[in-house]
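To be precise, the following lines are input.txt, and they hold compact mmCIF, C-alpha atoms.
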```
# COMPACT_ATOMS: atom_id res chain seq x y z
CA SER C 920 0.00 0.00 0.00
CA ARG C 921 1.04 3.65 -0.07
CA SER C 922 1.93 3.48 3.62
CA GLY C 923 4.30 0.52 3.29
CA VAL C 924 4.52 -3.26 3.14
CA ARG C 925 2.78 -5.55 5.63
CA LEU C 926 3.03 -9.33 5.90
CA THR C 927 -0.07 -11.42 5.43
CA ALA C 928 -0.80 -14.23 7.91
CA HIS C 929 0.76 -16.74 5.50
CA GLY C 930 3.74 -14.47 4.95
CA ARG C 931 4.33 -14.14 8.69
CA LEU C 932 4.20 -17.93 9.09
CA ALA C 933 6.64 -18.37 6.19
CA LEU C 934 9.00 -15.80 7.70
CA GLU C 935 9.00 -17.61 11.06
CA HIS C 936 9.91 -20.89 9.33
CA CYS C 937 12.67 -19.16 7.36
CA GLU C 938 14.07 -17.61 10.53
CA ARG C 939 14.10 -21.01 12.22
CA ILE C 940 15.92 -22.59 9.23
CA TYR C 941 18.44 -19.74 9.30
CA ARG C 942 19.07 -20.14 13.05
CA GLU C 943 19.50 -23.89 12.66
CA GLY C 944 22.01 -23.23 9.88
CA LEU C 945 23.99 -20.98 12.21
CA ASP C 946 23.87 -23.66 14.92
CA LEU C 947 25.17 -26.26 12.47
CA LYS C 948 28.02 -24.01 11.33
CA ALA C 949 28.92 -23.22 14.94
CA ALA C 950 28.98 -26.94 15.75
CA PHE C 951 31.34 -27.62 12.83
CA ASP C 952 33.52 -24.70 13.94
CA GLY C 953 33.66 -26.13 17.47
CA GLU C 954 31.76 -23.16 18.94
CA PRO C 955 28.36 -24.45 20.07
CA ARG C 956 25.73 -21.74 20.44
CA GLU C 957 23.12 -21.58 23.17
CA THR C 958 19.67 -22.47 21.87
CA PRO C 959 17.29 -19.55 22.44
CA ILE C 960 13.98 -19.97 24.26
CA ARG C 961 11.16 -18.66 22.05
CA LEU C 962 8.67 -17.34 24.58
CA ALA C 963 5.34 -15.68 23.83
CA ALA C 964 2.59 -14.13 25.92
CA CYS C 965 -1.01 -13.31 25.16
CA HIS C 966 -1.80 -9.59 25.06
CA SER C 967 -3.72 -9.94 28.33
CA VAL C 968 -0.63 -11.04 30.31
CA PRO C 969 1.11 -8.17 32.17
CA HIS C 970 4.57 -7.19 30.94
CA GLU C 971 5.77 -7.49 34.54
CA ARG C 972 5.59 -11.27 34.17
CA LEU C 973 7.85 -11.24 31.12
CA ILE C 974 10.35 -8.96 32.86
CA ARG C 975 10.55 -11.38 35.80
CA MET C 976 11.13 -14.28 33.42
CA ALA C 977 13.92 -12.37 31.72
CA GLU C 978 15.52 -11.71 35.12
CA PHE C 979 15.18 -15.37 36.09
CA THR C 980 16.83 -16.49 32.85
CA ARG C 981 19.71 -14.04 33.24
CA ASN C 982 20.39 -15.18 36.82
CA ASN C 983 19.80 -18.91 36.47
CA LEU C 984 20.53 -19.68 32.82
CA PRO C 985 23.39 -17.31 31.98
CA GLY C 986 24.11 -17.04 28.29
CA VAL C 987 20.73 -18.43 27.22
CA PRO C 988 18.98 -15.90 24.96
CA LEU C 989 15.23 -15.24 25.17
CA ARG C 990 13.11 -14.27 22.18
CA PHE C 991 9.86 -12.60 23.20
CA TYR C 992 6.71 -12.53 21.11
CA SER C 993 3.10 -11.51 21.74
CA GLY C 994 -0.21 -12.10 20.03
CA THR C 995 -3.77 -13.25 20.32
CA THR C 996 -4.68 -16.61 21.81
CA ASN C 997 -5.56 -18.10 18.42
CA ASP C 998 -2.40 -16.80 16.76
CA LEU C 999 -0.08 -18.09 19.49
CA GLY C 1000 -1.82 -21.47 19.58
CA ALA C 1001 -1.26 -21.87 15.84
CA ARG C 1002 2.40 -20.88 16.18
CA LEU C 1003 2.88 -23.41 18.99
CA ARG C 1004 1.40 -26.17 16.87
CA SER C 1005 3.61 -25.20 13.91
CA GLY C 1006 6.74 -25.41 16.07
CA THR C 1007 7.76 -21.74 15.71
CA LEU C 1008 7.33 -21.11 19.46
CA ASP C 1009 8.58 -23.09 22.45
CA LEU C 1010 6.32 -21.78 25.20
CA VAL C 1011 3.29 -19.52 25.62
CA ILE C 1012 2.15 -17.76 28.79
CA SER C 1013 -1.62 -17.46 28.79
CA ASP C 1014 -4.34 -16.56 31.25
CA GLY C 1015 -6.88 -18.48 29.16
CA ASP C 1016 -7.23 -22.22 28.62
CA LEU C 1017 -5.17 -22.28 25.43
CA ALA C 1018 -4.66 -26.06 25.53
CA ALA C 1019 -8.42 -26.73 25.62
CA ALA C 1020 -8.73 -25.34 22.09
CA SER C 1021 -6.22 -27.94 20.81
CA PRO C 1022 -6.84 -31.15 22.80
CA GLY C 1023 -3.99 -33.58 22.37
CA ALA C 1024 -1.75 -31.12 20.50
CA LEU C 1025 -0.84 -28.85 23.41
CA THR C 1026 -0.06 -29.48 27.05
CA ARG C 1027 -0.23 -26.98 29.89
CA ARG C 1028 1.07 -26.40 33.41
CA LYS C 1029 -0.33 -23.88 35.86
CA ALA C 1030 2.30 -21.26 36.66
CA CYS C 1031 0.41 -19.41 39.38
CA SER C 1032 -2.96 -18.25 40.62
CA GLU C 1033 -3.22 -14.60 41.63
CA LEU C 1034 -5.81 -12.72 43.65
CA MET C 1035 -7.09 -9.56 41.99
CA ASP C 1036 -8.03 -6.25 43.64
CA PHE C 1037 -9.89 -3.12 42.62
CA LEU C 1038 -7.36 -0.28 42.34
CA ALA C 1039 -7.95 3.39 41.62
CA ALA C 1040 -6.52 6.85 42.16
CA PRO C 1041 -7.08 8.23 45.71
CA GLN C 1042 -9.61 10.85 44.54
CA LEU C 1043 -11.86 8.12 43.14
CA ARG C 1044 -11.86 6.23 46.42
CA GLU C 1045 -13.05 9.40 48.18
CA ALA C 1046 -15.83 9.87 45.61
CA MET C 1047 -16.84 6.23 45.74
CA GLY C 1048 -17.78 5.79 49.38
CA ALA C 1049 -18.25 2.30 50.80
CA PHE C 1050 -16.96 -0.73 48.90
CA PRO C 1051 -18.36 -2.56 46.99
CA ALA C 1052 -21.63 -0.61 46.64
CA GLY C 1053 -19.72 2.53 45.73
CA LEU C 1054 -18.36 0.91 42.56
CA SER C 1055 -21.60 1.92 40.86
CA LYS C 1056 -20.57 5.59 41.31
CA VAL C 1057 -17.19 5.45 39.60
CA PRO C 1058 -16.12 4.63 36.03
CA LEU C 1059 -14.71 1.13 35.63
CA LEU C 1060 -11.81 -0.02 33.48
CA LEU C 1061 -12.64 -3.58 32.47
CA ARG C 1062 -10.82 -6.24 30.51
CA ALA C 1063 -12.02 -7.07 27.01
CA PRO C 1064 -15.19 -9.21 26.73
CA GLY C 1065 -14.41 -12.92 27.05
CA ASP C 1066 -11.26 -12.35 29.11
CA PRO C 1067 -11.20 -14.70 32.17
CA VAL C 1068 -10.67 -11.78 34.59
CA ARG C 1069 -13.51 -9.87 32.91
CA LEU C 1070 -15.87 -12.84 33.40
CA GLU C 1071 -14.97 -13.13 37.10
CA THR C 1072 -15.32 -9.36 37.55
CA GLU C 1073 -18.79 -9.44 36.01
CA ARG C 1074 -19.81 -12.25 38.36
CA PHE C 1075 -18.53 -10.20 41.33
CA LEU C 1076 -20.51 -7.13 40.23
CA GLN C 1077 -23.68 -9.16 39.64
CA ARG C 1078 -23.33 -10.89 43.00
CA HIS C 1079 -23.28 -7.49 44.75
CA GLY C 1080 -26.00 -5.95 42.59
CA ILE C 1081 -23.71 -3.32 41.07
CA ARG C 1082 -24.64 -1.65 37.79
CA ALA C 1083 -21.28 -0.92 36.25
CA LYS C 1084 -20.41 2.36 34.54
CA VAL C 1085 -17.92 1.00 32.02
CA HIS C 1086 -15.50 3.72 30.96
CA ALA C 1087 -13.16 1.52 28.90
CA GLU C 1088 -12.71 -2.09 27.79
CA VAL C 1089 -9.01 -2.79 27.53
CA GLU C 1090 -7.11 -5.87 26.40
CA SER C 1091 -3.79 -4.91 28.02
CA PRO C 1092 -3.57 -4.95 31.85
CA ASP C 1093 -0.62 -2.56 31.61
CA LEU C 1094 -2.87 0.00 29.94
CA ILE C 1095 -5.52 -0.49 32.64
CA ARG C 1096 -2.87 0.31 35.26
CA SER C 1097 -1.81 3.45 33.38
CA LEU C 1098 -5.40 4.67 32.96
CA ALA C 1099 -6.17 3.99 36.63
CA THR C 1100 -3.05 5.94 37.67
CA LEU C 1101 -4.30 8.90 35.61
CA GLY C 1102 -7.62 8.81 37.47
CA GLU C 1103 -9.65 7.54 34.51
CA GLY C 1104 -11.39 4.84 36.53
CA ALA C 1105 -11.11 1.85 38.84
CA GLY C 1106 -9.45 -1.26 37.42
CA VAL C 1107 -9.11 -4.87 38.49
CA MET C 1108 -5.49 -5.99 38.71
CA ASN C 1109 -3.00 -7.88 40.79
CA SER C 1110 -1.37 -5.57 43.36
CA ALA C 1111 2.08 -6.96 42.49
CA MET C 1112 1.92 -5.39 39.03
CA ALA C 1113 1.11 -1.98 40.56
CA THR C 1114 3.81 -1.95 43.25
CA GLU C 1115 5.36 1.37 42.18
CA PRO C 1116 2.15 3.45 41.80
CA LEU C 1117 0.86 1.98 45.08
CA ALA C 1118 4.09 2.91 46.89
CA LYS C 1119 3.93 6.46 45.46
CA GLY C 1120 0.29 6.88 46.48
CA GLN C 1121 -0.84 7.18 42.85
CA LEU C 1122 -3.10 4.15 43.33
CA VAL C 1123 -4.93 2.75 46.34
CA THR C 1124 -6.69 -0.57 46.94
CA LEU C 1125 -10.46 -0.13 47.17
CA ASN C 1126 -11.30 -3.47 48.80
CA GLU C 1127 -10.19 -4.26 52.35
CA ARG C 1128 -10.91 -7.98 52.02
CA PRO C 1129 -10.13 -10.34 49.11
CA THR C 1130 -12.58 -10.03 46.23
CA GLY C 1131 -12.39 -13.69 45.25
CA ILE C 1132 -11.47 -12.66 41.70
CA ARG C 1133 -8.55 -14.76 40.52
CA ARG C 1134 -6.33 -14.98 37.47
CA ASP C 1135 -4.63 -18.24 36.56
CA LEU C 1136 -1.50 -18.13 34.41
CA TRP C 1137 -0.59 -21.17 32.34
CA LEU C 1138 2.58 -22.31 30.60
CA VAL C 1139 1.57 -24.00 27.35
CA ARG C 1140 3.78 -25.97 24.96
CA GLN C 1141 3.47 -28.43 22.12
CA ARG C 1142 2.92 -31.90 23.54
CA ALA C 1143 5.01 -33.73 20.93
CA ALA C 1144 7.91 -31.25 20.84
CA PRO C 1145 11.13 -32.52 22.50
CA LEU C 1146 12.36 -30.49 25.46
CA SER C 1147 15.66 -28.76 24.85
CA ARG C 1148 18.09 -28.54 27.73
CA ASN C 1149 17.50 -24.81 28.06
CA LEU C 1150 13.72 -25.04 27.96
CA ALA C 1151 13.76 -27.85 30.54
CA GLY C 1152 15.87 -25.67 32.84
CA PHE C 1153 13.53 -22.74 32.29
CA LEU C 1154 10.45 -24.81 33.12
```
Let me see the file written as structure tokens.
Amino acid sequence: SRSGVRLTAHGRLALEHCERIYREGLDLKAAFDGEPRETPIRLAACHSVPHERLIRMAEFTRNNLPGVPLRFYSGTTNDLGARLRSGTLDLVISDGDLAAASPGALTRRKACSELMDFLAAPQLREAMGAFPAGLSKVPLLLRAPGDPVRLETERFLQRHGIRAKVHAEVESPDLIRSLATLGEGAGVMNSAMATEPLAKGQLVTLNERPTGIRRDLWLVRQRAAPLSRNLAGFL
């Protein structure tokens, strides 16, 4: 187009295969030269997974698997599932049941289960009043429809008879945190991913007791793919 060149879905898949062939060629040359290269871990995360998780994984790899390179990717659940099945990814971090969509082809392992809180700027807590009834008075920043956290949030709101004033529906939890910090609304997130704005007083926790809203994170890989030494150490 006039604005530039963009890969089609088939073109992107072809490029990933070409990159893999090229890397394997470099590995073969290095083996012949007597200089074995570390096999990279090709790690991807769904858009709904906080970047904080990827940063922690990078830190873990640097400290525990020195010299092992990480290649990070992101995408939709369907896109990453297809790339896992094609062998162009080693591991996907997902907060949805990615393996259920491909029974037999993919295997999963639960990485963690996190409790979620309602967070907002201090001025919104003052305007809100008592929790949870006061949530009906403030704009809410919700995950995209169909997101597991969105579904649990909706069940929480229905259970307490709250008519939500939805200000934004956001796929990225990092964007929800940024919007909440700016005072745009109250968002549901794990407090660990908002450590800095909480410490600075830019965000406060609205609920005093656990909400019961949880997010499960899964590590998903191709069932038939052999485990490399580096990937086994990472897992």
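Across the model, the gap from atom CA of Glu971 of chain C to atom CA of Ala1046 of chain C is 29.8 Å.
Nearest residue to Met1108 of chain C among C:Val924, C:Ala1039, C:Leu989, C:Ile1081 is C:Ala1039, counting all atoms listed in the file.
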Worksheet, complete the sentence: Computed gap from atom CA of Ala977 of chain C to atom CA of Glu938 of chain C is 21.8 Å
Worksheet entry | Selection: 8 Å around Pro1129 of chain C, only C-alpha atoms, excl. self and same-chain fewer than 4 positions, as a count of residues only | 3
Fill in: Polymer residues at most 12 Å from (0.6, -5.4, 40.4) by only C-alpha atoms, as a PyMOL selection string
chain C and resi 968-972+1033-1038+1092-1093+1095-1097+1106-1118+1122-1124
Would you compute an axis-aligned box for segment 971-983 of chain C, covering every atom listed for it in the file with 6 Å of margin on each side, and report centre and edge lengths in Å to one decimal as lines of an AutoDock Vina configuration file?
```
center_x = 13.0
center_y = -13.2
center_z = 34.0
size_x = 26.8
size_y = 23.4
size_z = 17.7
```
Worksheet entry | From C:Gly944, C:Gly1053, C:Pro1041, C:Gly1000, residue lying nearest Gly1120 of chain C [all atoms listed in the file] | C:Pro1041
Item to complete: Would you please work out which residue, of C:Val1085, C:Ala1030, C:Ile940, C:Ala1144, is nearest to Leu1008 of chain C when using all atoms listed in the file?
Response: C:Ala1144
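Atom pair atom CA of Gln1141 of chain C / atom CA of Leu1025 of chain C: separated by 4.5 Å.
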Worksheet entry | Selection near Leu1010 of chain C, 9 Å with only C-alpha atoms, sequence-local residues under 4 positions removed, as a ChimeraX atom specification | /C:960-964,1003,1138-1141,1150
Worksheet, complete the sentence: In terms of all atoms listed in the file, the residue from C:Arg1148, C:Lys1119, C:Arg1134, C:Lys948 at minimal distance from Lys1029 of chain C is C:Arg1134
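Distance annotation: of C:Leu932, C:Val1089, C:Ile974, C:Ala1099, the residue with the minimal separation from Asp998 of chain C is C:Leu932; atom set is only C-alpha atoms.
Each of C:Met1047, C:Ala1151, C:Val1068, C:Ala1143 was checked against Gly1023 of chain C using all atoms listed in the file; the smallest atom-to-atom distance is that of C:Ala1143.
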Worksheet item: Leaving out Cys965 of chain C and any residue of its chain fewer than 5 positions from it, which residues lie within 7 Å of it when counting all atoms listed in the file, given as a PyMOL selection string?
Response: chain C and resi 993-996+1012-1013
